[in-house]
$ cat data-v7.cif   # mmCIF, C-alpha atoms
data_my_file
loop_
_atom_site.label_atom_id
_atom_site.label_comp_id
_atom_site.auth_asym_id
_atom_site.auth_seq_id
_atom_site.Cartn_x
_atom_site.Cartn_y
_atom_site.Cartn_z
CA MET A 1 -16.78 -19.70 46.15
CA ALA A 2 -13.52 -20.00 48.11
CA HIS A 3 -13.05 -23.56 46.86
CA THR A 4 -13.59 -22.42 43.25
CA ALA A 5 -11.11 -19.55 43.66
CA ALA A 6 -8.43 -21.84 45.11
CA LYS A 7 -9.01 -24.39 42.36
CA LEU A 8 -8.66 -21.66 39.75
CA LEU A 9 -5.55 -19.93 41.06
CA SER A 10 -3.37 -22.93 41.98
CA PRO A 11 -2.26 -23.62 38.36
CA TYR A 12 -1.55 -19.89 37.81
CA PRO A 13 0.50 -18.72 40.83
CA TRP A 14 1.82 -15.61 39.04
CA VAL A 15 -1.66 -14.20 38.37
CA SER A 16 -2.87 -11.14 40.30
CA PHE A 17 -6.47 -10.23 41.13
CA PRO A 18 -8.54 -9.48 39.17
CA PHE A 19 -7.69 -12.32 36.77
CA ILE A 20 -7.24 -10.74 33.32
CA VAL A 21 -6.84 -12.90 30.22
CA GLY A 22 -5.55 -12.08 26.76
CA ALA A 23 -7.78 -13.93 24.29
CA PRO A 24 -6.28 -16.36 21.74
CA MET A 25 -6.93 -14.24 18.65
CA ARG A 26 -6.00 -16.12 15.49
CA VAL A 27 -2.48 -15.21 14.33
CA MET A 28 -2.55 -11.81 16.06
CA SER A 29 -2.06 -13.20 19.58
CA GLY A 30 1.52 -14.35 19.16
CA PRO A 31 4.16 -15.33 21.71
CA SER A 32 5.30 -11.77 22.47
CA LEU A 33 1.76 -10.67 23.33
CA ALA A 34 0.95 -13.78 25.36
CA VAL A 35 4.15 -13.56 27.40
CA ALA A 36 3.68 -9.83 28.02
CA VAL A 37 0.16 -10.38 29.40
CA SER A 38 1.35 -13.18 31.71
CA ARG A 39 4.38 -11.17 32.78
CA ALA A 40 2.01 -8.40 33.94
CA GLY A 41 0.13 -10.80 36.20
CA GLY A 42 -2.52 -11.96 33.75
CA LEU A 43 -2.73 -15.01 31.53
CA GLY A 44 -1.83 -14.60 27.88
CA PHE A 45 -2.92 -17.04 25.20
CA ILE A 46 -1.28 -17.69 21.84
CA GLY A 47 -3.95 -17.84 19.16
CA PRO A 48 -4.37 -20.45 16.46
CA GLY A 49 -2.07 -20.14 13.49
CA VAL A 50 -2.86 -20.51 9.81
CA LYS A 51 -1.99 -24.19 10.36
CA THR A 52 -1.85 -26.14 13.62
CA GLN A 53 1.82 -26.84 12.87
CA ASP A 54 2.53 -23.11 13.32
CA MET A 55 1.94 -23.51 17.06
CA ALA A 56 5.29 -25.26 17.55
CA GLY A 57 7.27 -22.22 16.43
CA ASP A 58 5.18 -19.88 18.56
CA LEU A 59 5.54 -22.04 21.67
CA ASP A 60 9.28 -22.36 21.10
CA GLU A 61 9.61 -18.57 20.85
CA ALA A 62 7.48 -18.10 23.98
CA SER A 63 9.69 -20.56 25.86
CA LYS A 64 12.80 -18.59 24.88
CA LEU A 65 11.23 -15.30 25.98
CA ILE A 66 10.32 -16.78 29.35
CA ASN A 67 13.71 -18.44 29.85
CA LYS A 68 15.38 -15.12 29.11
CA ALA A 69 13.34 -13.38 31.84
CA PRO A 70 11.10 -15.50 34.12
CA ILE A 71 7.47 -14.47 34.45
CA SER A 72 7.35 -14.19 38.24
CA SER A 73 9.28 -15.06 41.37
CA ARG A 74 6.08 -16.70 42.61
CA LEU A 75 6.75 -19.62 40.27
CA SER A 76 9.81 -20.58 42.28
CA ASN A 77 7.53 -21.30 45.24
CA ALA A 78 5.04 -23.32 43.19
CA SER A 79 4.72 -27.09 43.15
CA ARG A 80 7.00 -29.06 40.85
CA SER A 81 4.18 -29.80 38.38
CA VAL A 82 3.25 -26.11 38.14
CA ASP A 83 6.90 -25.07 37.95
CA ALA A 84 7.26 -27.17 34.79
CA LEU A 85 4.37 -25.43 33.07
CA LEU A 86 4.83 -22.79 30.43
CA PRO A 87 2.95 -19.82 31.98
CA ILE A 88 0.92 -19.05 28.87
CA GLY A 89 -2.02 -20.75 27.17
CA VAL A 90 -2.72 -21.85 23.61
CA GLY A 91 -5.96 -21.64 21.64
CA PHE A 92 -7.43 -23.98 19.05
CA GLN A 93 -10.30 -23.71 16.59
CA VAL A 94 -11.45 -27.30 17.01
CA TRP A 95 -13.21 -27.53 13.65
CA ALA A 96 -10.06 -26.59 11.74
CA ASP A 97 -7.10 -27.64 13.90
CA ASP A 98 -5.40 -31.04 14.05
CA VAL A 99 -5.79 -32.69 17.46
CA ASN A 100 -2.77 -34.93 16.92
CA VAL A 101 -0.47 -31.99 16.23
CA ALA A 102 -2.03 -30.01 19.08
CA ALA A 103 -1.51 -32.83 21.59
CA ALA A 104 2.10 -33.35 20.48
CA ASN A 105 2.90 -29.66 20.97
CA ILE A 106 1.23 -29.61 24.38
CA GLU A 107 3.20 -32.66 25.46
CA LYS A 108 6.46 -31.04 24.31
CA PHE A 109 6.00 -27.47 25.54
CA LYS A 110 3.59 -27.95 28.46
CA PRO A 111 1.49 -24.75 28.25
CA CYS A 112 -0.58 -24.15 31.36
CA ALA A 113 -3.90 -23.99 29.49
CA ALA A 114 -5.54 -25.02 26.21
CA TRP A 115 -8.54 -23.01 24.99
CA LEU A 116 -10.98 -25.01 22.84
CA TYR A 117 -13.60 -23.42 20.64
CA ALA A 118 -15.97 -24.06 17.73
CA PRO A 119 -16.27 -27.82 17.28
CA ARG A 120 -17.86 -29.04 14.08
CA GLY A 121 -18.95 -32.34 15.60
CA GLY A 122 -20.70 -30.95 18.65
CA PRO A 123 -19.78 -31.46 22.30
CA GLU A 124 -18.42 -34.94 21.64
CA GLU A 125 -15.57 -33.37 19.71
CA LEU A 126 -14.71 -31.17 22.70
CA GLU A 127 -14.66 -34.25 24.91
CA ASP A 128 -12.29 -36.02 22.53
CA TRP A 129 -9.92 -33.03 22.41
CA SER A 130 -9.98 -32.74 26.19
CA ARG A 131 -9.09 -36.41 26.66
CA ARG A 132 -6.30 -36.25 24.11
CA ILE A 133 -4.77 -33.15 25.68
CA ARG A 134 -4.99 -34.54 29.20
CA ARG A 135 -3.32 -37.75 28.09
CA ALA A 136 -0.56 -35.70 26.47
CA PHE A 137 0.02 -33.58 29.59
CA PRO A 138 -2.38 -33.84 32.52
CA HIS A 139 -1.44 -30.49 34.07
CA THR A 140 -2.60 -28.41 31.09
CA GLN A 141 -5.94 -26.91 32.09
CA ILE A 142 -8.81 -27.20 29.60
CA TRP A 143 -10.66 -23.96 28.84
CA VAL A 144 -13.83 -24.17 26.73
CA GLN A 145 -15.51 -21.15 25.17
CA ILE A 146 -19.30 -21.06 24.83
CA GLY A 147 -21.81 -18.47 23.72
CA THR A 148 -25.20 -19.92 24.64
CA LEU A 149 -27.01 -21.45 27.60
CA GLY A 150 -27.52 -24.60 25.54
CA GLU A 151 -23.78 -25.09 25.17
CA ALA A 152 -23.34 -24.67 28.93
CA LYS A 153 -25.93 -27.37 29.61
CA GLN A 154 -24.15 -29.71 27.18
CA LEU A 155 -20.92 -29.33 29.15
CA LEU A 156 -22.74 -30.43 32.29
CA LYS A 157 -23.51 -33.74 30.59
CA PHE A 158 -19.79 -34.54 30.36
CA SER A 159 -18.39 -36.99 32.87
CA GLU A 160 -16.54 -35.41 35.80
CA THR A 161 -13.18 -36.39 34.29
CA ASP A 162 -14.00 -34.86 30.89
CA ARG A 163 -15.44 -31.54 32.06
CA PRO A 164 -13.42 -28.40 31.36
CA ASP A 165 -11.40 -26.74 34.10
CA VAL A 166 -12.62 -23.30 33.04
CA VAL A 167 -15.55 -22.12 30.91
CA VAL A 168 -15.38 -18.83 29.01
CA VAL A 169 -18.80 -17.27 28.47
CA GLN A 170 -18.67 -15.05 25.40
CA GLY A 171 -21.30 -12.39 24.86
CA ALA A 172 -22.51 -11.22 21.46
CA GLU A 173 -20.44 -8.02 21.78
CA ALA A 174 -17.25 -9.98 21.10
CA GLY A 175 -15.12 -9.59 18.00
CA GLY A 176 -13.98 -12.44 15.83
CA HIS A 177 -16.19 -15.48 15.42
CA GLY A 178 -19.16 -15.55 17.76
CA ARG A 179 -22.62 -17.03 17.54
CA ALA A 180 -24.17 -16.23 14.18
CA HIS A 181 -27.87 -16.21 15.07
CA ASP A 182 -28.40 -17.02 18.75
CA GLY A 183 -25.88 -14.84 20.56
CA MET A 184 -26.88 -12.78 23.59
CA GLY A 185 -25.33 -9.79 25.36
CA LEU A 186 -23.03 -10.67 28.22
CA MET A 187 -25.13 -8.85 30.85
CA THR A 188 -27.99 -11.31 30.30
CA LEU A 189 -26.12 -14.41 29.14
CA PHE A 190 -23.57 -14.67 31.92
CA PRO A 191 -25.91 -14.77 34.94
CA GLU A 192 -28.13 -17.39 33.30
CA VAL A 193 -25.14 -19.59 32.48
CA ALA A 194 -23.78 -19.06 36.00
CA ASP A 195 -27.06 -20.20 37.52
CA ALA A 196 -27.14 -23.29 35.32
CA MET A 197 -23.54 -24.23 36.13
CA ALA A 198 -23.43 -23.24 39.80
CA SER A 199 -23.34 -26.80 41.15
CA SER A 200 -20.40 -27.76 38.90
CA GLN A 201 -18.04 -25.29 40.67
CA ILE A 202 -16.30 -24.71 37.32
CA PRO A 203 -14.83 -21.18 37.23
CA LEU A 204 -16.50 -18.96 34.65
CA PHE A 205 -14.76 -16.15 32.76
CA ALA A 206 -16.58 -13.32 31.00
CA ALA A 207 -15.70 -12.31 27.43
CA GLY A 208 -17.18 -9.92 24.92
CA GLY A 209 -17.22 -6.11 25.02
CA ILE A 210 -14.65 -5.82 27.83
CA ALA A 211 -11.95 -3.26 27.08
CA ASP A 212 -11.22 -1.38 30.32
CA GLY A 213 -11.43 -1.55 34.10
CA ARG A 214 -15.13 -0.76 34.09
CA GLY A 215 -15.82 -3.84 32.01
CA VAL A 216 -13.67 -6.03 34.26
CA ALA A 217 -15.40 -4.72 37.39
CA ALA A 218 -18.79 -5.35 35.81
CA ALA A 219 -17.77 -8.91 34.90
CA LEU A 220 -16.74 -9.59 38.49
CA CYS A 221 -20.04 -8.20 39.74
CA LEU A 222 -21.84 -10.64 37.43
CA GLY A 223 -20.00 -13.42 39.25
CA ALA A 224 -17.12 -14.04 36.87
CA SER A 225 -13.83 -15.42 38.18
CA GLY A 226 -12.02 -13.22 35.67
CA ALA A 227 -12.34 -11.28 32.44
CA VAL A 228 -11.09 -11.86 28.90
CA MET A 229 -10.06 -9.08 26.53
CA GLY A 230 -9.34 -9.54 22.84
CA THR A 231 -9.93 -6.38 20.84
CA ARG A 232 -8.17 -4.22 23.46
CA PHE A 233 -4.97 -6.15 22.82
CA LEU A 234 -5.15 -5.48 19.07
CA ALA A 235 -3.88 -2.06 20.15
CA ALA A 236 -0.89 -3.52 22.00
CA THR A 237 2.63 -2.99 20.71
CA GLU A 238 3.23 -6.75 20.86
CA ALA A 239 0.23 -7.74 18.70
CA ARG A 240 0.98 -9.31 15.32
CA ILE A 241 -1.07 -6.82 13.36
CA LYS A 242 -0.60 -4.55 10.37
CA ARG A 243 -0.43 -0.83 11.09
CA GLY A 244 -3.43 -0.08 8.86
CA TYR A 245 -5.55 -2.60 10.78
CA GLN A 246 -4.40 -1.22 14.12
CA ASN A 247 -5.14 2.32 13.04
CA GLU A 248 -8.74 1.27 12.31
CA ILE A 249 -9.07 -0.06 15.85
CA LEU A 250 -8.07 3.38 17.14
CA ARG A 251 -10.22 5.33 14.66
CA THR A 252 -13.48 3.44 15.00
CA SER A 253 -16.19 4.37 17.50
CA ASP A 254 -19.86 3.53 18.07
CA GLY A 255 -19.41 -0.21 17.65
CA ALA A 256 -23.17 -0.79 17.51
CA LYS A 257 -23.24 1.14 14.24
CA THR A 258 -19.78 0.55 12.78
CA THR A 259 -19.42 -3.21 13.32
CA THR A 260 -21.50 -6.13 12.14
CA ARG A 261 -21.47 -9.91 11.90
CA THR A 262 -20.89 -11.18 8.38
CA LEU A 263 -19.10 -14.02 6.59
CA LEU A 264 -18.25 -11.73 3.68
CA TYR A 265 -14.68 -11.00 4.75
CA ASN A 266 -13.98 -14.67 5.44
CA HIS A 267 -14.99 -15.49 1.90
CA LEU A 268 -13.08 -12.58 0.37
CA ARG A 269 -9.97 -13.91 2.13
CA GLY A 270 -10.64 -17.44 0.92
CA THR A 271 -11.69 -18.77 4.32
CA PHE A 272 -14.52 -21.28 4.11
CA GLY A 273 -15.71 -24.14 6.26
CA TRP A 274 -16.62 -22.53 9.57
CA PRO A 275 -19.52 -24.36 11.24
CA PRO A 276 -22.77 -22.54 10.46
CA GLU A 277 -23.33 -21.56 14.10
CA TYR A 278 -20.51 -18.98 13.88
CA SER A 279 -20.00 -15.65 12.18
CA PRO A 280 -17.35 -12.96 12.80
CA ARG A 281 -17.85 -9.39 13.95
CA THR A 282 -15.93 -6.89 11.83
CA ILE A 283 -15.62 -3.16 11.26
CA ILE A 284 -17.72 -2.11 8.28
CA ASN A 285 -15.94 -0.77 5.20
CA LYS A 286 -16.56 -0.49 1.45
CA SER A 287 -16.63 -4.24 0.85
CA TYR A 288 -19.64 -4.67 3.11
CA VAL A 289 -21.35 -1.45 2.02
CA GLU A 290 -21.09 -2.47 -1.64
CA GLN A 291 -22.27 -6.01 -0.92
CA GLN A 292 -25.38 -4.57 0.73
CA ALA A 293 -25.84 -2.38 -2.35
CA GLY A 294 -25.93 -5.48 -4.57
CA VAL A 295 -22.42 -5.63 -6.03
CA PRO A 296 -21.73 -9.27 -7.08
CA PHE A 297 -19.24 -11.29 -5.03
CA ASP A 298 -16.84 -11.80 -7.95
CA GLU A 299 -16.51 -8.04 -8.36
CA LEU A 300 -16.09 -7.55 -4.61
CA LYS A 301 -13.37 -10.19 -4.61
CA LYS A 302 -11.57 -8.44 -7.46
CA ARG A 303 -11.68 -5.09 -5.64
CA HIS A 304 -10.61 -6.74 -2.38
CA ASP A 305 -7.57 -8.35 -3.99
CA GLU A 306 -6.56 -5.02 -5.47
CA ALA A 307 -6.78 -3.48 -2.00
CA LEU A 308 -4.39 -6.15 -0.72
CA LYS A 309 -1.70 -4.54 -2.85
CA MET A 310 -2.22 -1.17 -1.15
CA GLY A 311 -0.60 -2.14 2.13
CA ASP A 312 -1.91 -0.20 5.13
CA ASP A 313 -4.16 1.86 2.87
CA GLY A 314 -6.24 -1.27 2.27
CA TRP A 315 -7.90 -0.66 5.64
CA GLY A 316 -10.12 2.23 6.71
CA PRO A 317 -13.68 3.32 5.94
CA ASP A 318 -12.74 3.49 2.25
CA GLY A 319 -10.74 0.28 2.47
CA ARG A 320 -11.85 -3.25 1.74
CA LEU A 321 -9.85 -5.58 3.97
CA ALA A 322 -11.12 -7.63 6.90
CA THR A 323 -10.94 -5.77 10.23
CA TYR A 324 -12.29 -8.16 12.85
CA ALA A 325 -13.06 -6.34 16.12
CA GLY A 326 -15.53 -6.32 18.99
CA ALA A 327 -18.28 -3.83 19.75
CA ALA A 328 -16.15 -2.19 22.46
CA VAL A 329 -13.78 -0.85 19.81
CA GLY A 330 -14.89 2.71 20.58
CA LEU A 331 -13.26 2.46 24.02
CA ILE A 332 -9.77 2.01 22.57
CA HIS A 333 -7.84 5.18 21.79
CA GLU A 334 -4.12 4.43 21.88
CA VAL A 335 -1.50 1.75 21.31
CA ARG A 336 0.29 0.72 24.50
CA ASP A 337 2.47 -2.11 25.73
CA ALA A 338 0.37 -5.10 26.79
CA GLY A 339 1.79 -5.01 30.30
CA GLU A 340 0.70 -1.39 30.71
CA ILE A 341 -2.79 -2.30 29.48
CA VAL A 342 -3.12 -5.14 31.98
CA ARG A 343 -1.87 -3.07 34.90
CA GLU A 344 -4.04 -0.06 34.12
CA VAL A 345 -7.16 -2.16 33.61
CA ARG A 346 -6.49 -4.03 36.85
CA GLU A 347 -5.94 -0.82 38.84
CA ASP A 348 -9.06 0.82 37.42
CA ALA A 349 -11.18 -2.25 38.18
CA LEU A 350 -9.88 -2.44 41.74
CA ASP A 351 -10.52 1.27 42.26
CA ILE A 352 -14.15 0.85 41.16
CA LEU A 353 -14.67 -2.19 43.38
CA GLN A 354 -13.06 -0.52 46.37
CA ARG A 355 -15.16 2.62 45.97
CA TRP A 356 -18.36 0.59 45.86
CA SER A 357 -17.22 -1.49 48.83
CA ALA A 358 -16.53 1.68 50.81
CA ALA A 359 -19.91 3.08 49.83
CA ALA A 360 -21.65 -0.10 50.95
CA LYS A 361 -19.84 -0.08 54.30
CA GLY A 362 -20.72 3.57 54.79
CA ASN A 363 -24.36 2.79 54.14
CA GLU A 364 -24.26 -0.05 56.69
CA SER A 365 -22.77 2.22 59.35
CA GLU A 366 -25.54 4.79 58.81
CA THR A 367 -28.23 2.17 59.34
#
$ encode --input "data-v7.cif" --output "structure tokens"
Amino acid sequence: MAHTAAKLLSPYPWVSFPFIVGAPMRVMSGPSLAVAVSRAGGLGFIGPGVKTQDMAGDLDEASKLINKAPISSRLSNASRSVDALLPIGVGFQVWADDVNVAAANIEKFKPCAAWLYAPRGGPEELEDWSRRIRRAFPHTQIWVQIGTLGEAKQLLKFSETDRPDVVVVQGAEAGGHGRAHDGMGLMTLFPEVADAMASSQIPLFAAGGIADGRGVAAALCLGASGAVMGTRFLAATEARIKRGYQNEILRTSDGAKTTTRTLLYNHLRGTFGWPPEYSPRTIINKSYVEQQAGVPFDELKKRHDEALKMGDDGWGPDGRLATYAGAAVGLIHEVRDAGEIVREVREDALDILQRWSAAAKGNESET
């Protein structure tokens, strides 16, 4: 465990315990959000853009933000290779992004981590991306997101040089695109994956349904090296998100009832081509309700496009626009700066862990 912790932390000397990560949400996790999360002692990721080429502009902006105010004084004591790293990560949807463009941007900007997800061609495609990125810049850590035990076992078949540096285990509670038919809750999935991957000593991060310190503490108790939050950061001031969308994140509760996995909103937005293993979790609104009632797609598309013209009013229970979010949406009640979110979540998690540690020691002294 100590070896795994040292291996994990050495590329991220500014990170504080517990290790909190801002997920690479498509478009919405921009440079301002990623830098703010890292500046607070976490690790922020920039999400995929509409096109892979969009990453260059985001990384350039992140570099300027960091040059204007360095992330942490700890970086000055880091090794030369780490000191050259951009202290944020970047995320790629492997099935849709261009590996050549991705590798070129990584070589130029040197982000500390690259998060790979959703290959169309199976694990071989992840191996190819990993090799290309490592050739472009060997110090960029490879993070791979999985959602099943089967995917974890496939990673173990990689050669030692092609294995990821970090694996993110995403439970079915997660927002955005998760497993369509074979997802499992994090409480069950994570321990089974951890058992299967124990000999690899690859650090595992927990994702899905984590939105506060309680979730982070639970993830650590499951054996995670850190915790990933996505939906919580949709309610950050730095998120690239429309006000109407953000208001829905604050309004919605009871995620088991008010969210669902469906490809409907992808198709209404003109997004096709996701591998069939994946489907996004979204907040239910009139588009989904009417689809379930039998309204034809062409009519739903017409109504959706009219709602696009309504601005922020296009969202809400009577709205029609896509509102991707995780099942923990009911735990989010206010918009705050990302740094404040990271610090509060960290402090709450530590408080929980310390209270349980004190209780355990007290029990030992009594016996």
$ atom_distance --input "data-v7.cif" --atom1 "CA of Phe233 (chain A)" --atom2 "CA of Leu116 (chain A)"
19.8 Å
$ closest_residue --input "data-v7.cif" --among "A:Tyr12, A:Tyr278, A:Trp143, A:Phe19" --to "Leu85 (chain A)" --atoms "all atoms listed in the file"
A:Tyr12
$ resolve_selection --input "data-v7.cif" --expression "the PyMOL selection byres ((chain A and resi 226-232) around 7)" --output "count of residues only"
25
$ closest_residue --input "data-v7.cif" --among "A:Leu155, A:Ala236, A:Ala327, A:Leu204" --to "Leu222 (chain A)" --atoms "all atoms listed in the file"
A:Leu204
$ resolve_selection --input "data-v7.cif" --expression "the PyMOL selection byres ((chain A and resi 248) around 12)" --output "PyMOL selection string"
chain A and resi 231+234-235+241-247+249-253+258-259+282-285+312-325+329-330+332-335
$ write_last_selection --input "data-v7.cif" --atoms "C-alpha atoms" --output "PDB file, in the frame of the given file"
ATOM      1  CA  THR A 231      -9.930  -6.380  20.840  1.00  0.00           C
ATOM      2  CA  LEU A 234      -5.150  -5.480  19.070  1.00  0.00           C
ATOM      3  CA  ALA A 235      -3.880  -2.060  20.150  1.00  0.00           C
ATOM      4  CA  ILE A 241      -1.070  -6.820  13.360  1.00  0.00           C
ATOM      5  CA  LYS A 242      -0.600  -4.550  10.370  1.00  0.00           C
ATOM      6  CA  ARG A 243      -0.430  -0.830  11.090  1.00  0.00           C
ATOM      7  CA  GLY A 244      -3.430  -0.080   8.860  1.00  0.00           C
ATOM      8  CA  TYR A 245      -5.550  -2.600  10.780  1.00  0.00           C
ATOM      9  CA  GLN A 246      -4.400  -1.220  14.120  1.00  0.00           C
ATOM     10  CA  ASN A 247      -5.140   2.320  13.040  1.00  0.00           C
ATOM     11  CA  ILE A 249      -9.070  -0.060  15.850  1.00  0.00           C
ATOM     12  CA  LEU A 250      -8.070   3.380  17.140  1.00  0.00           C
ATOM     13  CA  ARG A 251     -10.220   5.330  14.660  1.00  0.00           C
ATOM     14  CA  THR A 252     -13.480   3.440  15.000  1.00  0.00           C
ATOM     15  CA  SER A 253     -16.190   4.370  17.500  1.00  0.00           C
ATOM     16  CA  THR A 258     -19.780   0.550  12.780  1.00  0.00           C
ATOM     17  CA  THR A 259     -19.420  -3.210  13.320  1.00  0.00           C
ATOM     18  CA  THR A 282     -15.930  -6.890  11.830  1.00  0.00           C
ATOM     19  CA  ILE A 283     -15.620  -3.160  11.260  1.00  0.00           C
ATOM     20  CA  ILE A 284     -17.720  -2.110   8.280  1.00  0.00           C
ATOM     21  CA  ASN A 285     -15.940  -0.770   5.200  1.00  0.00           C
ATOM     22  CA  ASP A 312      -1.910  -0.200   5.130  1.00  0.00           C
ATOM     23  CA  ASP A 313      -4.160   1.860   2.870  1.00  0.00           C
ATOM     24  CA  GLY A 314      -6.240  -1.270   2.270  1.00  0.00           C
ATOM     25  CA  TRP A 315      -7.900  -0.660   5.640  1.00  0.00           C
ATOM     26  CA  GLY A 316     -10.120   2.230   6.710  1.00  0.00           C
ATOM     27  CA  PRO A 317     -13.680   3.320   5.940  1.00  0.00           C
ATOM     28  CA  ASP A 318     -12.740   3.490   2.250  1.00  0.00           C
ATOM     29  CA  GLY A 319     -10.740   0.280   2.470  1.00  0.00           C
ATOM     30  CA  ARG A 320     -11.850  -3.250   1.740  1.00  0.00           C
ATOM     31  CA  LEU A 321      -9.850  -5.580   3.970  1.00  0.00           C
ATOM     32  CA  ALA A 322     -11.120  -7.630   6.900  1.00  0.00           C
ATOM     33  CA  THR A 323     -10.940  -5.770  10.230  1.00  0.00           C
ATOM     34  CA  TYR A 324     -12.290  -8.160  12.850  1.00  0.00           C
ATOM     35  CA  ALA A 325     -13.060  -6.340  16.120  1.00  0.00           C
ATOM     36  CA  VAL A 329     -13.780  -0.850  19.810  1.00  0.00           C
ATOM     37  CA  GLY A 330     -14.890   2.710  20.580  1.00  0.00           C
ATOM     38  CA  ILE A 332      -9.770   2.010  22.570  1.00  0.00           C
ATOM     39  CA  HIS A 333      -7.840   5.180  21.790  1.00  0.00           C
ATOM     40  CA  GLU A 334      -4.120   4.430  21.880  1.00  0.00           C
ATOM     41  CA  VAL A 335      -1.500   1.750  21.310  1.00  0.00           C
TER      42      VAL A 335
END
$ residues_around --input "data-v7.cif" --residues "Asp162 (chain A)" --least-positions-apart "4" --cutoff "10 Å" --atoms "only C-alpha atoms" --output "VMD selection string"
chain A and resid 126 to 131 134 142 155 to 158
$ closest_residue --input "data-v7.cif" --among "A:Asp254, A:Asp337, A:Asp58, A:Asp305" --to "Gly89 (chain A)" --atoms "all atoms listed in the file"
A:Asp58
$ residues_around --input "data-v7.cif" --residues "Glu173 (chain A)" --least-positions-apart "3" --cutoff "9 Å" --atoms "only C-alpha atoms" --output "ChimeraX atom specification"
/A:170,178,183-186,207-210,255-256,281,326-328
$ closest_residue --input "data-v7.cif" --among "A:Val101, A:Met197, A:Ala34, A:Val50" --to "Ile88 (chain A)" --atoms "only C-alpha atoms"
A:Ala34
$ resolve_selection --input "data-v7.cif" --expression "the PyMOL selection byres ((chain A and resi 268) around 12)" --output "PyMOL selection string"
chain A and resi 262-267+269-272+287-288+291+296-308+320-322
$ write_last_selection --input "data-v7.cif" --atoms "C-alpha atoms" --output "short mmCIF file (atom, residue, chain, number, x, y, z; two decimals), keeping the file's coordinate frame"
data_model
loop_
_atom_site.label_atom_id
_atom_site.label_comp_id
_atom_site.auth_asym_id
_atom_site.auth_seq_id
_atom_site.Cartn_x
_atom_site.Cartn_y
_atom_site.Cartn_z
CA THR A 262 -20.89 -11.18 8.38
CA LEU A 263 -19.10 -14.02 6.59
CA LEU A 264 -18.25 -11.73 3.68
CA TYR A 265 -14.68 -11.00 4.75
CA ASN A 266 -13.98 -14.67 5.44
CA HIS A 267 -14.99 -15.49 1.90
CA ARG A 269 -9.97 -13.91 2.13
CA GLY A 270 -10.64 -17.44 0.92
CA THR A 271 -11.69 -18.77 4.32
CA PHE A 272 -14.52 -21.28 4.11
CA SER A 287 -16.63 -4.24 0.85
CA TYR A 288 -19.64 -4.67 3.11
CA GLN A 291 -22.27 -6.01 -0.92
CA PRO A 296 -21.73 -9.27 -7.08
CA PHE A 297 -19.24 -11.29 -5.03
CA ASP A 298 -16.84 -11.80 -7.95
CA GLU A 299 -16.51 -8.04 -8.36
CA LEU A 300 -16.09 -7.55 -4.61
CA LYS A 301 -13.37 -10.19 -4.61
CA LYS A 302 -11.57 -8.44 -7.46
CA ARG A 303 -11.68 -5.09 -5.64
CA HIS A 304 -10.61 -6.74 -2.38
CA ASP A 305 -7.57 -8.35 -3.99
CA GLU A 306 -6.56 -5.02 -5.47
CA ALA A 307 -6.78 -3.48 -2.00
CA LEU A 308 -4.39 -6.15 -0.72
CA ARG A 320 -11.85 -3.25 1.74
CA LEU A 321 -9.85 -5.58 3.97
CA ALA A 322 -11.12 -7.63 6.90
#
$ closest_residue --input "data-v7.cif" --among "A:Ser29, A:Pro11, A:Arg179, A:Glu124" --to "Ser159 (chain A)" --atoms "all atoms listed in the file"
A:Glu124
